[in-house]
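*Asks:* Starting off with a structure, shown below.
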Amino acid sequence: MTVPGGPASAGGPAVRCRSLGVSFGAVRALHGVSLDLAPGRIHALVGQNGAGKTTLAKVLGGLQAPDAGDVHIAGRKLPSGDVRAARAAGLAMVHQHFSLPPSFTVAEALELTAARPGGRSVYRRAELHQRWQDDVAEIGGEAVLSTRIRDLPVETRQSLEIMRALATEARVLVLDEPTALLAPAAIDALFERLRRLRDGGVTVLVVLHKLREVAAVADTVSVLRDGELALGPIEMSEVSQGRLSDAIVGPASQADRAVGVEAATGTERRTLLELVRVSSRESAFEPGLRDVDLRVEAGEIVGIAGVEGNGQRSLVSVIAGLDVAAEGTVLIGGADATRAPPAGRRLRGLRLVPFDRNSEGISRRAPLWLNQSALRLVERRRRRLPLISLRQYKQQAAMEMDQWRVRYDAVTQPAESLSGGNVQRLILSRELAPGLEVLVAAQPTRGLDFAATDFVRRSLRGLRDAGAGVLLVSSDLDELFENSDRLHVMYGGRIVARFEAPYDRRAVGDAMTGARR
Amino acid sequence: MTGSLQRVASTLLLVGVSFLLTTLILWASGYRVSEVFSGVIEGSLTATGAATSSIRWAIPLLLIGLGVVIGFRAGFFNIGGQGQFYVGACCALVVSLGWRDGPAPLVVLCGTAAAIMAGSAWSLLPGYLRVRFGTDEVLTTLMMNFIGALVLQYLTAGPMRNPSGTGQTAASERIPEAFRITDGSGVSATALLLVGGVAVLVWLLLERTRFGLTIVLVGRNPTMARWQGIDVRRVGLVTFALSGALAGLAGAVELYGPGARLVTGFSPEVGFTAVVVALVGLLSVWGTAAAAIFFGGLQSAILFLPIVTDLPPPALVLLHGMVALLVTVKFRSVRWRRPGSPAEALTA
Amino acid sequence: MEQILATTLRSAAPLVLVATAGVFAFRAGIFHLGLEGLMITGAFTTVAVGEATGSVELGILAAIGVCMALSAVYWWVIGPLGANVIIAGLGLTSVGLGGTAFALGAIFDRRGSMFTDVVLPRPVSGTTSGPGVIVSEHSILVWITPLIVLAAWIVLRRSRFGLRMTAAGEYPFAARTAGVNPSIVRLQALLIAGGLCALGGAELSVGALHNFTENMTNGRGFIAFVAVIFGAWHPIGAAFAGLFFGFADAIGIQSQINITERVPREFVLMIPFVLTIFAVWLGGLWRRRSLEAEAGYAELREPDY
């Protein structure tokens with residue numbers, strides 16, 4: 001095996017980062033990160049969402065030019081932000097998101113992305129297939145070469161991404177959250193593969209966010225927090241689980257007091273949201289619902305757990321009215337809402353915190369006040385004149401945002417100028433206004449820092465204590481365990497298991513992976 | 001607040017650059033810049049009848065431009081103003097010539113209503129395809145323009161043709177004088193009241209009703225609007241219908257006002273110019289009004305007093321093209337310096 | 001019948017050339033509505049430079065140069081300057097239409113149109129009857145159009161360059177991970193498109209005819225763009241779509257001679273536009289299905305932080 005990056009200086013680190021800094025506008029994604037990775041080992045990089053892990057990986061891969069600092073591979077400095085140079089130096093990257101164009105065939109995608117020498121700039125199909133047939137042996141052989149990427153199952157796509165990275169005979173392999181979409185068995189296979197690579201002399205840097213996975217595969221671990229290195233590369237044997245957790249979360253921050261919500265209803269056990277044997281059409285990337293029965297009563301938080309892509313999105317869409325239930329009944333506030341349009345459901349007190357706050361929760365380019373006022377646009381209030389006062393709208397929006405302590409300069413600034421935590425506060429200030437009966441919160445804390453996460457969770461609990469019903473959809477088990485009164489697990493579009501507190505982590509985990517039906 | 005000021009300033013700057021480029025071309029072609037400028041000012045303002053003529057040309061630009069404002073605000077690239085304008089004028093013509101003995105106010109009302117409905121219908125077909133099937137509205141509205149132009153050509157060269165016409169281009173018969181709301185100058189109290197009233201109504205709709213705010217939300221982020229319970233399809237259909245209605249109305253005003261008859265391929269650039277006008281007006285009602293008067297003045301100078309200005313009509317098309325090419329430029333490359341970051345919305 | 005086929009080829013050649021240009025732009029992710037403007041610029045420049053130098057080759061070379069320069073400006077405006085692709089494209093079309101008409105007056109002191117002696121060679125000519133009519137009287141550009149389409153197919157579907165271009169248009173993130181700068185690839189695509197538009201325009205003015213007329217493209221640039229969509233942005237597909245629109249055009253021309261009495265000519269002329277709406281609708285349905293299959297990728301298009 002040749003070493004494309006030239007001989008590594010003996011004993012020196014395989015990868016050396018020196019005081020890397022990256023900023024996106026006002027957001028500081030990385031700051032002063034210096035990191036040495038010893039050759040031939042598996043290094044894990046952990047941290048909360050938004051801690052800068054992906055940004056660091058992108059800097060290493062040459063996809064992101066750092067504002068400050070530099071990267072050395074095997075003792076040689078990389079030109080900043082140059083994918084090809086990083087490749088030529090022997091560094092390959094597997095991205096968190098798929099990096100292959102969906103309409104390409106496997107052979108075309110490999111030819112596009114793998115910088116393997118040889119091959120002509122004009123080719124024939126057969127020639128191309130011949131060139132790559134050995135590489136695809138383990139994902140289905142030659143037949144797969146003419147399959148389009150978008151028709152491949154998720155695991156195969158992921159294997160292909162790794163294969164593509166290795167096709168360049170990399171000496172350093174960077175994987176950004178490779179386990180996010182994989183089933184447990186596939187994760188084990190992936191880790192086994194990483195170990196084999198390490199034994200073959202490859203240096204591996206793998207971004208993970210589950211400590212269990214870190215313990216399973218890593219030789220050393222590094223922690224990023226708020227864009228800074230909180231814990232240097234340290235041998236796994238020298239670090240305790242507790243110390244790692246502390247490094248990830250950071251010192252307990254000044255806790256925000258959650259805002260109490262006025263009780264919209266009494267505290268009697270009233271069913272606010274009910275799904276009776278609901279099925280829905282599957283979408284292209286998620287199964288539809290299959291015979292889902294679900295009840296949310298006043299004064300409780302019902303958690304929905306599951307590996308992402310098991311119908312959670314369909315569930316929330318059907319409740320919101322964005323998707324129609326093919327069979328079964330949806331009741332909101334005790335009344336049949338199966339055919340009600342989204343606006344009608346909103347009028348009955350349904351409130352939503354959508355999955356992706358930046359695309360579904362707010363309009364990034366619309367001003368803050370309009371984002372805050374969105375729900376007031378659909379309410380059906382009779383007036384003599386249809387005219388409204390913008391000033392009144394802005395004042396009310398400002399008042400409600402102040403109440404939720406959204407930090408902003410002017411109500412007219414675009415929503416994209418807010419940080420993630422502030423965006424979520426903005427959404428809460430809109431959705432948790434009086435009139436709320438039942439809230440569906442989908443991944444409400446994803447990507448938020450510790451303080452914001454804590455704030456959101458307190459708000460949800462406050463809501464419950466005030467007598468509202470909450471359906472909490474999350475992929476964070478700890479969040480679900482801490483906050484849910486009852487917990488359902490979704491798998492393949494069905495609710496496969498129902499739990500009551502206290503929860504058994506193993507049992508829930510088995511249900512999530514389909515091990516228990 | 002500073003944000004909108006910045007936008008006004010950058011738009012003015014970009015329009016200025018477009019003018020500068022066009023002036024450079026004129027200068028290189030041997031025109032004396034000072035003469036061109038004084039000619040334009042004379043032909044749009046100071047010469048006898050010039051100011052009136054500027055208003056006359058501003059009226060269709062404003063009406064169609066307001067339709068563009070509504071469509072673009074909702075995020076729909078309805079560039080079919082030209083075709084909607086034509087079929088509106090055609091329907092008003094059919095009503096007026098078909099019922100030429102009727103009581104004038106009634107006929108004009110019916111004709112105008114027909115024009116508005118025809119314009120909406122012409123716009124609703126692409127609109128329906130867009131909201132129901134996701135069919136790209138840029139191409140369909142563009143095609144509807146070509147078809148509208150052929151409808152006009154058919155009418156003026158066929159059934160409605162003035163048999164005694166001698167000109168090279170076919171023209172329809174004239175409508176009875178009693179139906180007209182202006183004289184040949186195209187400006188009268190009635191016309192101004194009508195157009196002013198429409199502008200105020202559109203302003204109220206966009207800036208002072210919940211529907212106006214809804215349009216903005218849908219235009220900015222339809223996904224979020226859907227999550228908020230807004231019926232995006234309905235908003236889309238209504239905005240398409242309104243855009244078409246305004247362009248159709250412009251057609252009626254053209255017929256009952258300065259035109260009195262229709263000529264094959266009249267005002268061929270008005271639909272596209274209205275898009276430029278709306279963009280230069282930053283999709284605000286009063287900005288569009290100001291831009292309409294400005295571009296109306298230019299049009300007047302070049303079409304109304306060609307001898308004074310000595311500029312051929314294509315120079316105007318060239319100028320409009322320059323403005324369109326540049327007016328949507330965003331000065332953000334300074335702030336977002338990322339290696340190889342392409343504008344994401346490159347495909348529609 | 002032979003006459004119709006001959007007219008089809010003549011009408012289709014410029015459409016196919018410009019549609020091929022559109023395929024390049026579309027593959028690179030650009031909804032290029034400036035094709036019409038580039039086409040007429042090509043038509044005019046060929047005539048203008050051809051008249052000035054007496055050489056049709058120089059005329060065509062100059063047309064290619066001018067159209068590429070305009071394409072580079074267009075790229076600069078929509079890429080680095082972030083202008084709206086559609087509005088700027090329509091602006092480019094107006095600049096072309098207005099600019100050529102204006103230049104016609106400013107340079108040659110003509111209004112409307114001008115005749116030229118400079119024409120492209122016609123490999124086969126003089127046949128007046130029999131099947132030979134089909135191939136007779138076509139300019140050399142009509143003859144090499146199939147070769148250009150074939151070359152486009154090889155470049156787009158069988159070369160690394162084509163893979164990079166398609167990736168840049170379909171999924172810029174993929175292009176960037178492959179070390180490709182999508183912006184530069186778009187420039188390359190636009191330059192190629194500019195050159196092809198110049199050829200399409202030249203065929204119109206000095207291939208099929210002997211003159212340049214204001215607005216002589218008459219919407220062909222837009223129809224060519226539609227052919228791109230009709231042909232599923234595949235070079236061969238777009239070429240056949242262009243051929244089909246050329247056929248519709250030929251029928252229209254023939255019907256003007258034959259059936260004017262029964263069907264008004266305007267309605268015949270509407271056919272391509274009506275078909276186009278139909279095609280865009282169908283194409284949209286098809287495209288949406290494949291987009292839905294790729295829905296999971298929507299969120300992966302780079303977050304613009």
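Convention: chains lettered A, B, ... in structure tokens order; per-chain residue numbering from 1; ligands numbered from 1 as shown.
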Dump as a PyMOL selection string the residues of chain C that approach chain A to within 6 Å, counting only C-alpha atoms.
*Replies:* chain C and resi 158-160+171+174+178-179+293
*Asks:* Now that the selection is made, can you save its residues with C-alpha atoms as a CSV table (one decimal), in the first residue's frame?
*Replies:*
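The file below, selection-v4.csv, is the result:
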chain,number,residue,atom,x,y,z
C,158,ARG,CA,-19.8,9.9,-20.6
C,159,SER,CA,-17.2,12.1,-19.2
C,160,ARG,CA,-15.9,13.1,-15.8
C,171,TYR,CA,-26.4,18.5,-5.3
C,174,ALA,CA,-21.7,16.3,-3.4
C,178,ALA,CA,-15.6,15.7,-4.6
C,179,GLY,CA,-13.4,18.8,-4.6
C,293,ALA,CA,-37.9,10.2,-4.0
*Asks:* Write out as CSV the residues of chain B that have any atom within 6 Å of an atom of chain A, one row each with the nearest atom pair and its distance in Å to one decimal, counting only C-alpha atoms, sorted by chain and then rising number.
*Replies:*
residue,atom,partner,partner_atom,distance
B:Arg208,CA,A:Ile388,CA,5.2
B:Thr209,CA,A:Leu387,CA,5.0
B:Arg210,CA,A:Leu377,CA,5.5
B:Asn221,CA,A:Ser363,CA,5.3
B:Thr223,CA,A:Glu360,CA,5.6
B:Met224,CA,A:Glu360,CA,4.3
B:Gly229,CA,A:Ala343,CA,4.1
*Asks:* Return the single residue from C:Thr7, C:Gln254, C:Ser94, C:Asn218 that is closest to chain B, with distances computed using only C-alpha atoms.
*Replies:*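 Among C:Thr7, C:Gln254, C:Ser94, C:Asn218, it is C:Ser94 that comes nearest to chain B.
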*Asks:* What's around Met322 in chain B at 10 Å? Count only C-alpha atoms, leave out sequence neighbours fewer than 6 positions away in its own chain, and write the answer as a list of chain:residue names.
*Replies:*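 Result of the neighbour search: B:Leu14, B:Val15, B:Val17, B:Ser18, B:Phe19, B:Leu20, B:Leu21, B:Thr22, B:Val276, B:Leu316, C:Ala88, C:Leu90, C:Gly91, C:Leu92, C:Thr93, C:Ser94, C:Val95, C:Gly96, C:Gly98, C:Gly99.
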*Asks:* Out of C:Val85, C:Leu15, C:Ile236, C:Leu150, which residue has the shortest atom-to-atom distance to chain B when counting only C-alpha atoms?
*Replies:* C:Val85
*Asks:* Any chance you could tabulate, as CSV, the residues of chain C at most 8 Å from chain B with each one's nearest atom pair and distance in Å to one decimal, using only C-alpha atoms, in chain and rising number order?
*Replies:*
residue,atom,partner,partner_atom,distance
C:Gly29,CA,B:Thr347,CA,5.7
C:Ile30,CA,B:Leu346,CA,5.4
C:Phe31,CA,B:Thr347,CA,5.4
C:Tyr74,CA,B:Leu325,CA,7.9
C:Val77,CA,B:Val329,CA,6.8
C:Ile78,CA,B:Ala343,CA,7.4
C:Gly79,CA,B:Pro342,CA,6.0
C:Pro80,CA,B:Ser333,CA,6.6
C:Leu81,CA,B:Val329,CA,5.6
C:Gly82,CA,B:Lys330,CA,5.5
C:Ala83,CA,B:Val329,CA,3.9
C:Asn84,CA,B:Thr328,CA,5.7
C:Val85,CA,B:Leu346,CA,6.1
C:Ile87,CA,B:Ala324,CA,6.0
C:Ala88,CA,B:Leu325,CA,4.0
C:Gly89,CA,B:Leu325,CA,6.9
C:Leu90,CA,B:Ala324,CA,7.2
C:Gly91,CA,B:Gly321,CA,4.0
C:Leu92,CA,B:Leu325,CA,6.1
C:Thr93,CA,B:Gly321,CA,7.1
C:Ser94,CA,B:Gly321,CA,4.5
C:Val95,CA,B:Gly321,CA,4.6
C:Gly96,CA,B:Leu318,CA,7.4
C:Leu97,CA,B:Leu318,CA,7.4
C:Gly98,CA,B:Leu318,CA,4.3
C:Gly99,CA,B:Leu318,CA,5.3
C:Ala101,CA,B:Pro314,CA,5.7
C:Phe102,CA,B:Pro314,CA,5.1
C:Gly105,CA,B:Pro312,CA,7.9
C:Ala106,CA,B:Ser29,CA,6.0
C:Ile107,CA,B:Ser29,CA,7.6
C:Asn181,CA,B:Gly340,CA,5.5
C:Pro182,CA,B:Gly340,CA,6.6
C:Ser183,CA,B:Pro342,CA,5.6
C:Val226,CA,B:Leu139,CA,7.7
C:Pro264,CA,B:Tyr154,CA,7.5
C:Glu266,CA,B:Leu150,CA,5.6
C:Phe267,CA,B:Leu150,CA,7.6
C:Leu269,CA,B:Leu150,CA,7.7
C:Met270,CA,B:Ile147,CA,5.8
C:Phe273,CA,B:Met143,CA,5.5
C:Val274,CA,B:Met143,CA,7.4
C:Thr276,CA,B:Met143,CA,7.3
C:Ile277,CA,B:Thr140,CA,5.4
C:Val280,CA,B:Thr135,CA,6.5
C:Trp281,CA,B:Thr135,CA,5.2
C:Gly284,CA,B:Thr135,CA,5.1
C:Leu285,CA,B:Phe133,CA,6.5
C:Arg288,CA,B:Gly134,CA,7.5
*Asks:* Taking the DSSP secondary structure from the backbone, can you list the residues of range 66-280 of chain C that are strand (DSSP E), as a list of chain:residue names?
*Replies:* C:Ser113, C:Met114, C:Phe115, C:Asn211, C:Phe212, C:Thr213
*Asks:* Quick one: everything within 7 Å of range 253-262 of chain B, counting only C-alpha atoms, minus sequence neighbours fewer than 3 positions away in the same chain. Send it as a ChimeraX atom specification.
*Replies:* /B:89,156,171-175,179-186,249-250
*Asks:* Could those selected residues go to a file with N, CA and C atoms, as a tab-separated table (two decimals), in the first residue's frame?
*Replies:*
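Written file, again-v5.tsv:
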chain	number	residue	atom	x	y	z
B	89	ALA	N	-57.80	43.19	-22.61
B	89	ALA	CA	-58.16	44.19	-23.61
B	89	ALA	C	-59.06	43.56	-24.68
B	156	THR	N	-57.62	41.08	-34.05
B	156	THR	CA	-57.42	42.33	-34.79
B	156	THR	C	-57.24	42.07	-36.28
B	171	ALA	N	-55.48	46.33	-37.30
B	171	ALA	CA	-56.08	46.97	-36.13
B	171	ALA	C	-57.56	46.71	-36.14
B	172	SER	N	-58.14	46.76	-34.93
B	172	SER	CA	-59.57	46.51	-34.83
B	172	SER	C	-60.34	47.78	-35.18
B	173	GLU	N	-61.66	47.61	-35.25
B	173	GLU	CA	-62.50	48.80	-35.39
B	173	GLU	C	-62.42	49.61	-34.11
B	174	ARG	N	-62.79	50.87	-34.19
B	174	ARG	CA	-62.79	51.72	-33.00
B	174	ARG	C	-64.05	51.48	-32.19
B	175	ILE	N	-63.94	51.61	-30.89
B	175	ILE	CA	-65.14	51.51	-30.07
B	175	ILE	C	-65.84	52.87	-30.12
B	179	PHE	N	-67.95	55.36	-25.08
B	179	PHE	CA	-67.43	54.37	-24.13
B	179	PHE	C	-66.12	54.80	-23.49
B	180	ARG	N	-65.51	55.81	-24.04
B	180	ARG	CA	-64.14	56.08	-23.60
B	180	ARG	C	-64.10	56.87	-22.30
B	181	ILE	N	-63.14	56.58	-21.48
B	181	ILE	CA	-63.02	57.29	-20.21
B	181	ILE	C	-61.94	58.37	-20.28
B	182	THR	N	-61.18	58.40	-21.35
B	182	THR	CA	-60.23	59.50	-21.52
B	182	THR	C	-60.24	59.85	-23.00
B	183	ASP	N	-59.58	60.97	-23.30
B	183	ASP	CA	-59.38	61.26	-24.72
B	183	ASP	C	-58.09	60.59	-25.17
B	184	GLY	N	-57.60	60.96	-26.29
B	184	GLY	CA	-56.41	60.30	-26.83
B	184	GLY	C	-55.18	60.44	-25.96
B	185	SER	N	-55.18	61.42	-25.05
B	185	SER	CA	-54.00	61.60	-24.20
B	185	SER	C	-53.89	60.47	-23.19
B	186	GLY	N	-55.02	59.79	-22.93
B	186	GLY	CA	-54.97	58.66	-22.00
B	186	GLY	C	-55.05	59.07	-20.54
B	249	LEU	N	-57.47	44.40	-16.01
B	249	LEU	CA	-58.00	45.76	-15.84
B	249	LEU	C	-57.16	46.75	-16.63
B	250	ALA	N	-55.84	46.57	-16.59
B	250	ALA	CA	-54.97	47.46	-17.35
B	250	ALA	C	-55.33	47.40	-18.83
*Asks:* Can you measure CA of Gly349 in chain A to CA of Ala335 in chain A for me? One decimal in Å is fine.
*Replies:*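 These atoms are spaced 11.8 Å apart.
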*Asks:* Mind giving me the straight-line distance from CA of Thr112 in chain B to CA of Ala247 in chain B in Å, one decimal?
*Replies:* 11.4 Å
*Asks:* B:Ala252, B:Leu217, B:Leu298, B:Ala74: which is nearest Val95 in chain B, counting only C-alpha atoms?
*Replies:*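 Among B:Ala252, B:Leu217, B:Leu298, B:Ala74, it is B:Ala252 that comes nearest to Val95 in chain B.
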*Asks:* Would you return as a count of residues only the members of range 2-224 of chain C that DSSP assigns to helix (DSSP H, G or I) on this structure's backbone?
*Replies:* 164
*Asks:* Record the distance separating CA of Met490 in chain A and CA of Ala452 in chain A, expressed in Å with one decimal.
*Replies:*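 Going from CA of Met490 in chain A over to CA of Ala452 in chain A covers 26.6 Å.
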